[in-house]
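S.K.: Have a peek at data.cif (mmCIF, C-alpha atoms and all ligand atoms).
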data_data
#
loop_
_atom_site.label_atom_id
_atom_site.label_comp_id
_atom_site.auth_asym_id
_atom_site.auth_seq_id
_atom_site.Cartn_x
_atom_site.Cartn_y
_atom_site.Cartn_z
CA MET A 234 -107.89 -36.81 43.64
CA ARG A 235 -104.17 -36.55 42.96
CA ARG A 236 -102.77 -39.45 40.95
CA PRO A 237 -99.86 -41.09 42.81
CA LEU A 238 -96.38 -40.85 41.30
CA VAL A 239 -93.27 -42.83 42.15
CA ALA A 240 -89.92 -41.77 40.67
CA GLY A 241 -86.62 -43.61 40.92
CA ASN A 242 -83.52 -41.44 41.26
CA TRP A 243 -80.63 -43.63 40.19
CA LYS A 244 -78.05 -40.94 41.05
CA MET A 245 -74.57 -41.74 39.60
CA ASN A 246 -75.19 -45.45 39.15
CA LYS A 247 -75.40 -47.87 36.19
CA THR A 248 -73.60 -47.95 32.86
CA VAL A 249 -75.77 -48.14 29.76
CA GLU A 250 -75.39 -51.92 29.74
CA GLN A 251 -76.39 -52.22 33.41
CA ALA A 252 -79.25 -49.73 32.96
CA THR A 253 -80.62 -51.71 30.03
CA LEU A 254 -80.66 -54.89 32.09
CA LEU A 255 -82.29 -53.22 35.08
CA VAL A 256 -85.03 -51.61 32.98
CA ALA A 257 -85.70 -54.86 31.14
CA ASN A 258 -86.27 -56.48 34.54
CA MET A 259 -88.51 -53.67 35.75
CA VAL A 260 -90.79 -53.01 32.80
CA PRO A 261 -93.25 -55.92 33.16
CA GLY A 262 -93.84 -55.29 36.88
CA LEU A 263 -94.10 -51.52 36.41
CA GLN A 264 -96.38 -51.79 33.40
CA ALA A 265 -98.84 -53.84 35.46
CA VAL A 266 -99.53 -50.96 37.88
CA LYS A 267 -101.75 -48.67 35.84
CA THR A 268 -103.01 -46.35 38.56
CA VAL A 269 -99.60 -44.88 39.44
CA ASP A 270 -97.36 -42.60 37.36
CA ARG A 271 -94.01 -44.42 37.19
CA VAL A 272 -90.80 -42.55 36.39
CA ILE A 273 -87.17 -43.61 36.06
CA CYS A 274 -84.37 -41.04 36.36
CA PRO A 275 -81.06 -42.59 35.23
CA PRO A 276 -77.80 -40.72 34.50
CA PHE A 277 -77.70 -38.64 31.29
CA THR A 278 -75.63 -41.28 29.48
CA SER A 279 -78.47 -43.82 29.58
CA LEU A 280 -81.32 -41.50 28.57
CA MET A 281 -81.17 -42.13 24.82
CA THR A 282 -81.08 -45.92 25.13
CA LEU A 283 -83.77 -46.07 27.80
CA SER A 284 -86.09 -43.69 25.94
CA GLY A 285 -86.02 -46.23 23.10
CA MET A 286 -86.71 -49.10 25.47
CA LEU A 287 -89.58 -47.30 27.18
CA ALA A 288 -91.26 -46.11 23.98
CA GLY A 289 -94.73 -47.64 23.86
CA THR A 290 -94.85 -48.16 27.63
CA GLU A 291 -96.47 -45.78 30.13
CA ILE A 292 -93.24 -45.47 32.09
CA GLY A 293 -91.84 -41.94 32.16
CA LEU A 294 -88.22 -40.93 31.88
CA GLY A 295 -86.53 -38.13 33.80
CA ALA A 296 -83.12 -36.48 34.02
CA GLN A 297 -81.47 -35.63 37.33
CA ASN A 298 -80.55 -32.05 36.43
CA LEU A 299 -80.35 -29.50 33.63
CA HIS A 300 -78.95 -26.04 32.97
CA TRP A 301 -81.36 -23.15 32.57
CA GLU A 302 -79.67 -21.58 29.52
CA ALA A 303 -80.73 -22.74 26.05
CA SER A 304 -77.18 -23.22 24.72
CA GLY A 305 -73.69 -21.79 24.84
CA ALA A 306 -70.35 -21.93 26.61
CA PHE A 307 -71.34 -23.98 29.68
CA THR A 308 -68.88 -26.88 29.63
CA GLY A 309 -70.25 -30.04 31.18
CA GLU A 310 -73.85 -28.86 31.27
CA VAL A 311 -76.98 -30.16 29.50
CA SER A 312 -79.70 -27.82 28.20
CA PRO A 313 -83.48 -28.10 28.68
CA GLU A 314 -83.92 -28.85 24.96
CA MET A 315 -81.39 -31.71 25.16
CA VAL A 316 -83.23 -33.21 28.13
CA LYS A 317 -86.57 -32.76 26.36
CA GLU A 318 -85.35 -34.90 23.45
CA PHE A 319 -85.63 -37.97 25.68
CA CYS A 320 -87.47 -37.05 28.90
CA GLN A 321 -90.80 -35.91 30.27
CA TYR A 322 -89.49 -35.15 33.78
CA VAL A 323 -86.44 -33.60 35.46
CA ILE A 324 -85.34 -33.61 39.10
CA ILE A 325 -84.42 -30.10 40.25
CA GLY A 326 -82.54 -29.04 43.39
CA HIS A 327 -81.84 -32.47 44.86
CA SER A 328 -80.09 -32.03 48.22
CA GLU A 329 -76.91 -33.64 46.83
CA ARG A 330 -76.80 -30.96 44.14
CA ARG A 331 -77.41 -28.26 46.73
CA ALA A 332 -74.72 -29.69 49.04
CA TYR A 333 -71.97 -30.66 46.56
CA PHE A 334 -72.56 -28.56 43.44
CA GLY A 335 -73.47 -25.16 44.81
CA GLU A 336 -77.14 -25.16 43.86
CA THR A 337 -79.12 -22.40 45.53
CA ASP A 338 -82.79 -21.48 45.78
CA GLN A 339 -82.09 -19.00 42.96
CA SER A 340 -80.57 -21.57 40.59
CA VAL A 341 -83.41 -23.95 41.46
CA ASN A 342 -85.88 -21.23 40.49
CA LEU A 343 -84.14 -20.64 37.12
CA LYS A 344 -84.15 -24.39 36.43
CA VAL A 345 -87.84 -24.78 37.35
CA LYS A 346 -88.73 -21.94 34.96
CA ALA A 347 -86.56 -23.38 32.17
CA SER A 348 -88.13 -26.84 32.61
CA LEU A 349 -91.66 -25.50 32.44
CA ALA A 350 -90.85 -23.30 29.44
CA ILE A 351 -89.74 -26.34 27.40
CA GLY A 352 -92.58 -28.59 28.60
CA LEU A 353 -90.73 -30.77 31.11
CA THR A 354 -92.30 -31.64 34.46
CA PRO A 355 -89.92 -30.54 37.22
CA ILE A 356 -89.70 -32.62 40.40
CA VAL A 357 -88.55 -29.90 42.79
CA CYS A 358 -86.74 -31.15 45.89
CA VAL A 359 -86.89 -29.41 49.26
CA GLY A 360 -85.87 -30.54 52.73
CA GLU A 361 -83.90 -29.62 55.82
CA THR A 362 -80.50 -30.87 57.00
CA LEU A 363 -80.02 -32.72 60.27
CA GLU A 364 -78.70 -29.58 61.94
CA GLU A 365 -81.65 -27.54 60.74
CA ASN A 366 -83.99 -30.26 61.97
CA GLU A 367 -82.36 -30.47 65.40
CA THR A 368 -82.48 -26.70 65.84
CA ARG A 369 -86.19 -26.70 64.94
CA ARG A 370 -85.76 -24.80 61.67
CA THR A 371 -87.48 -27.34 59.40
CA GLU A 372 -90.54 -25.21 58.80
CA ALA A 373 -88.51 -22.04 58.09
CA VAL A 374 -86.11 -23.80 55.72
CA VAL A 375 -88.77 -25.67 53.75
CA SER A 376 -90.92 -22.52 53.50
CA ARG A 377 -87.97 -20.53 52.15
CA GLN A 378 -87.10 -23.23 49.62
CA VAL A 379 -90.69 -23.36 48.36
CA LYS A 380 -91.13 -19.57 48.21
CA LEU A 381 -87.85 -18.87 46.39
CA GLY A 382 -87.92 -21.99 44.24
CA PHE A 383 -91.38 -21.14 42.91
CA GLU A 384 -90.96 -17.37 42.66
CA GLY A 385 -92.45 -15.92 39.49
CA ILE A 386 -94.15 -19.16 38.39
CA SER A 387 -97.67 -18.65 37.04
CA LYS A 388 -100.77 -20.26 38.59
CA GLU A 389 -101.28 -22.24 35.37
CA ASP A 390 -97.73 -23.57 35.40
CA VAL A 391 -97.51 -24.44 39.07
CA GLU A 392 -100.00 -27.30 38.76
CA LYS A 393 -97.62 -28.92 36.24
CA THR A 394 -94.91 -29.19 38.88
CA ILE A 395 -94.19 -31.91 41.42
CA VAL A 396 -92.54 -31.29 44.77
CA ALA A 397 -90.49 -33.83 46.70
CA TYR A 398 -90.03 -33.29 50.42
CA GLU A 399 -86.79 -35.04 51.30
CA PRO A 400 -85.28 -34.45 54.73
CA VAL A 401 -81.54 -34.55 54.03
CA TRP A 402 -80.86 -36.67 57.12
CA ALA A 403 -83.16 -39.39 55.77
CA ILE A 404 -81.58 -39.68 52.31
CA GLY A 405 -79.48 -42.80 51.87
CA THR A 406 -79.17 -43.26 55.62
CA GLY A 407 -81.75 -45.98 56.22
CA ARG A 408 -83.29 -43.59 58.75
CA ALA A 409 -86.61 -42.57 57.21
CA ALA A 410 -88.76 -39.83 58.71
CA SER A 411 -91.91 -41.09 60.39
CA ALA A 412 -94.90 -41.07 58.09
CA GLU A 413 -96.67 -38.74 60.56
CA MET A 414 -93.82 -36.23 60.54
CA ALA A 415 -93.46 -36.32 56.74
CA ASN A 416 -97.21 -35.83 56.29
CA ASP A 417 -97.20 -32.96 58.76
CA ILE A 418 -94.36 -31.08 57.00
CA ILE A 419 -95.85 -31.75 53.57
CA GLY A 420 -99.33 -30.60 54.58
CA ASN A 421 -98.56 -27.82 57.02
CA SER A 422 -95.45 -26.44 55.44
CA VAL A 423 -95.01 -27.37 51.75
CA ARG A 424 -98.66 -27.38 50.67
CA LYS A 425 -99.53 -24.47 52.95
CA ASN A 426 -96.80 -22.34 51.40
CA LEU A 427 -97.91 -23.30 47.91
CA ALA A 428 -101.46 -22.28 48.92
CA SER A 429 -100.31 -18.89 50.15
CA LEU A 430 -98.44 -18.31 46.87
CA PHE A 431 -100.92 -19.75 44.37
CA GLY A 432 -104.24 -20.22 46.21
CA SER A 433 -105.53 -23.34 47.90
CA ASP A 434 -107.23 -24.74 44.77
CA GLN A 435 -103.89 -24.83 42.97
CA ALA A 436 -102.05 -26.18 46.02
CA GLU A 437 -104.52 -29.05 46.28
CA LYS A 438 -103.71 -30.09 42.70
CA ILE A 439 -99.93 -30.27 43.16
CA ARG A 440 -98.47 -33.68 43.84
CA ILE A 441 -96.04 -33.76 46.75
CA LEU A 442 -93.80 -36.78 47.22
CA TYR A 443 -91.87 -37.99 50.24
CA GLY A 444 -88.27 -39.14 49.76
CA GLY A 445 -85.71 -40.51 52.19
CA SER A 446 -85.01 -44.22 52.82
CA VAL A 447 -88.32 -45.43 51.39
CA LYS A 448 -88.27 -49.21 50.97
CA GLY A 449 -90.76 -51.89 49.99
CA GLU A 450 -91.43 -52.48 53.68
CA ASN A 451 -92.25 -48.90 54.75
CA ALA A 452 -93.66 -47.42 51.51
CA ALA A 453 -97.34 -48.20 52.18
CA GLU A 454 -97.24 -46.36 55.49
CA PHE A 455 -96.11 -43.14 53.77
CA PHE A 456 -98.48 -43.45 50.82
CA ALA A 457 -101.48 -43.96 53.12
CA LYS A 458 -101.08 -40.42 54.45
CA SER A 459 -103.46 -37.76 53.16
CA ASP A 460 -100.85 -35.28 51.90
CA ILE A 461 -98.25 -37.72 50.55
CA ASP A 462 -98.84 -38.38 46.85
CA GLY A 463 -96.01 -40.81 46.16
CA GLY A 464 -92.27 -41.11 46.55
CA LEU A 465 -88.86 -40.15 45.21
CA ILE A 466 -86.81 -43.27 45.67
CA GLY A 467 -83.00 -43.50 45.66
CA GLY A 468 -81.31 -46.72 46.74
CA ALA A 469 -84.39 -48.92 46.44
CA SER A 470 -84.94 -47.84 42.82
CA LEU A 471 -81.77 -49.69 41.79
CA LYS A 472 -83.33 -53.10 42.35
CA ALA A 473 -86.22 -54.12 40.10
CA GLU A 474 -88.03 -56.10 42.79
CA ASP A 475 -87.78 -53.34 45.42
CA PHE A 476 -88.86 -50.56 43.06
CA ILE A 477 -91.84 -52.55 41.78
CA LYS A 478 -92.89 -53.29 45.38
CA ILE A 479 -92.85 -49.55 46.17
CA VAL A 480 -94.87 -48.72 43.05
CA GLU A 481 -97.39 -51.42 44.00
CA ALA A 482 -97.66 -49.87 47.47
CA ALA A 483 -98.64 -46.56 45.87
CA ALA A 484 -101.47 -48.13 43.83
C1 LIG B 501 -83.04 -39.64 46.92
O1 LIG B 501 -81.93 -39.75 46.43
O2 LIG B 501 -83.80 -38.78 46.50
C2 LIG B 501 -83.43 -40.56 48.00
C3 LIG B 501 -84.58 -40.38 48.59
O3 LIG B 501 -82.53 -41.57 48.33
P1 LIG B 501 -82.83 -42.85 49.28
O4 LIG B 501 -84.15 -43.41 48.87
O5 LIG B 501 -81.68 -43.78 49.00
O6 LIG B 501 -82.84 -42.36 50.69
#
Translate this file's structure into structure tokens.
Ligand code: PEP

M.R.:
Amino acid sequence: MRRPLVAGNWKMNKTVEQATLLVANMVPGLQAVKTVDRVICPPFTSLMTLSGMLAGTEIGLGAQNLHWEASGAFTGEVSPEMVKEFCQYVIIGHSERRAYFGETDQSVNLKVKASLAIGLTPIVCVGETLEENETRRTEAVVSRQVKLGFEGISKEDVEKTIVAYEPVWAIGTGRAASAEMANDIIGNSVRKNLASLFGSDQAEKIRILYGGSVKGENAAEFFAKSDIDGGLIGGASLKAEDFIKIVEAAA
């Protein structure tokens, strides 16, 4: 049995003051749901404050990115060790980072390795664009992202990772994939590729999330599917009530 996990990706939203208020409103509702791993991924600037607020709770904290190098002349970047000071998780290869900040399967792979080396749990994002979907390349794209993103990872380490299947056309658009389609891609493409790389026993242990316009109203439908182990939530993670509702749906 894979334990469900729901992570909120706040993207570039909330000042420290706003983040503090939002987390204060979320904690009681999130703390009540013991059977789900709950993770909040705010901007870097709020990590220190929120790690203090979440100390003593079971709510995890994640960053939205890191650099793979340990230190040095990389202006504007944040190292794995710096993230590890406050976080247990880190989102890697989100489609917005791939689209706007030049992230590639190769940089994703370096970041996954760096996260694992320092003891962070990477949430590795994969997913096809609308054009790739419409030209029936979903399977090929997702398979490539999984193969290259996980290249050189050991069998022991791979079970410490989390994958998020997020069709780019469903992110922030209000147009979620159908639960059937998401389950099919996750089972027959993401998990199948992980099985061919690491063996089916390992692939069965890895949690795979769906992300893309998940709301309180549609969350249960996704989480009921056999291969969907939780969600990566954008917009709906910015409202305490909505995020709690989604976490409750995963329980
Ligand atoms: C995301 O940013 O990972 C995401 C899934 O966004 P949204 O839930 O807003 O579609």

S.K.: List the neighbours of A:Glu474 out to 12 Å using only C-alpha atoms; skip same-chain residues closer than 5 positions along the sequence, and give me the result as a list in words.

M.R.: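 Contacts, in chain order: Leu255, Val256, Ala257, Asn258, Met259, Val260, Pro261, Gly262, Leu263, Lys448, Gly449, Glu450, Ala469, Ile479, Val480 and Glu481 of chain A.
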
S.K.: Which of these, A:Lys472, A:Lys438, A:Lys346, A:Lys393, has the shortest distance to ligand LIG 501 (chain B) once you count all atoms listed in the file?

M.R.: A:Lys472

S.K.: Near A:Ile439, counting all atoms listed in the file, which residues have an atom at most 8 Å away, once you skip same-chain residues fewer than 3 positions from it, shown as a PDB file with C-alpha atoms, in the coordinates of the input?

M.R.:
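Listed below is the output, part-v2.pdb:
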ATOM      1  CA  ARG A 235    -104.170 -36.550  42.960  1.00  0.00           C
ATOM      2  CA  VAL A 391     -97.510 -24.440  39.070  1.00  0.00           C
ATOM      3  CA  GLU A 392    -100.000 -27.300  38.760  1.00  0.00           C
ATOM      4  CA  LYS A 393     -97.620 -28.920  36.240  1.00  0.00           C
ATOM      5  CA  THR A 394     -94.910 -29.190  38.880  1.00  0.00           C
ATOM      6  CA  ILE A 395     -94.190 -31.910  41.420  1.00  0.00           C
ATOM      7  CA  VAL A 396     -92.540 -31.290  44.770  1.00  0.00           C
ATOM      8  CA  GLN A 435    -103.890 -24.830  42.970  1.00  0.00           C
ATOM      9  CA  ALA A 436    -102.050 -26.180  46.020  1.00  0.00           C
TER      10      ALA A 436
END

S.K.: Return as a ChimeraX atom specification the residues of protein, DNA or RNA that approach ligand LIG 501 (chain B) to within 9 Å, with all atoms listed in the file taken into account.

M.R.: /A:240-244,327-329,358,397,399-409,443-448,464-470

S.K.: Find the nearest atom pair between each residue of stretch 335-442 of chain A and stretch 303-312 of chain A for residues within 10 Å, count only C-alpha atoms, give distances in Å to one decimal, sort rows by chain and ascending number, and present the table as CSV.

M.R.:
residue,atom,partner,partner_atom,distance
A:Lys344,CA,A:Ser312,CA,10.0
A:Ala347,CA,A:Ala303,CA,8.5
A:Ser348,CA,A:Ser312,CA,9.6
A:Ile351,CA,A:Ala303,CA,9.8

S.K.: Which polymer residues have any atom within 9 Å of an atom of A:Glu372, counting only C-alpha atoms, with same-chain residues fewer than 2 positions away left out, as a list in words?

M.R.: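 Within the cut-off, the hits are Glu361, Asn366, Arg369, Arg370, Val374, Val375, Ser376, Arg377, Ile418, Asn421, Ser422 and Val423 of chain A.
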
S.K.: Store the residues of this selection in a file with C-alpha atoms, as an mmCIF file, keeping the file's coordinate frame.

M.R.:
data_model
loop_
_atom_site.group_PDB
_atom_site.id
_atom_site.type_symbol
_atom_site.label_atom_id
_atom_site.label_comp_id
_atom_site.auth_asym_id
_atom_site.auth_seq_id
_atom_site.Cartn_x
_atom_site.Cartn_y
_atom_site.Cartn_z
ATOM 1 C CA GLU A 361 -83.900 -29.620 55.820
ATOM 2 C CA ASN A 366 -83.990 -30.260 61.970
ATOM 3 C CA ARG A 369 -86.190 -26.700 64.940
ATOM 4 C CA ARG A 370 -85.760 -24.800 61.670
ATOM 5 C CA VAL A 374 -86.110 -23.800 55.720
ATOM 6 C CA VAL A 375 -88.770 -25.670 53.750
ATOM 7 C CA SER A 376 -90.920 -22.520 53.500
ATOM 8 C CA ARG A 377 -87.970 -20.530 52.150
ATOM 9 C CA ILE A 418 -94.360 -31.080 57.000
ATOM 10 C CA ASN A 421 -98.560 -27.820 57.020
ATOM 11 C CA SER A 422 -95.450 -26.440 55.440
ATOM 12 C CA VAL A 423 -95.010 -27.370 51.750
#

S.K.: Which one is closest to A:Leu280: A:Leu343, A:Ala410, A:Val357, A:Val249? Count all atoms listed in the file.

M.R.: A:Val249

S.K.: Any idea what the distance is between atom CA of A:Ser411 and atom CA of A:Arg236?

M.R.: 22.3 Å

S.K.: Restricting the calculation to only C-alpha atoms: of A:Met414, A:Glu364, A:Leu283, A:Leu353, which residue gets closest to A:Asp390?

M.R.: A:Leu353

S.K.: Have a look at atom CA of A:Phe383 and atom CA of A:Arg330 and let me know their distance in Å, one decimal.

M.R.: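 Interatomic distance here is 17.6 Å.
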
S.K.: Choose the residue, out of A:Ser279, A:Asn451, A:Asn426, A:Thr368, that has the smallest atom-to-atom separation from A:Lys478; count only C-alpha atoms.

M.R.: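 Among the listed residues, the smallest separation from A:Lys478 belongs to A:Asn451.
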
S.K.: Kindly compute an axis-aligned box around the listed atoms of stretch 355-364 of chain A, allowing 8 Å on each side, and express its centre and edge lengths in Å to one decimal as lines of an AutoDock Vina configuration file.

M.R.:
center_x = -84.3
center_y = -31.1
center_z = 49.6
size_x = 27.2
size_y = 19.3
size_z = 40.7
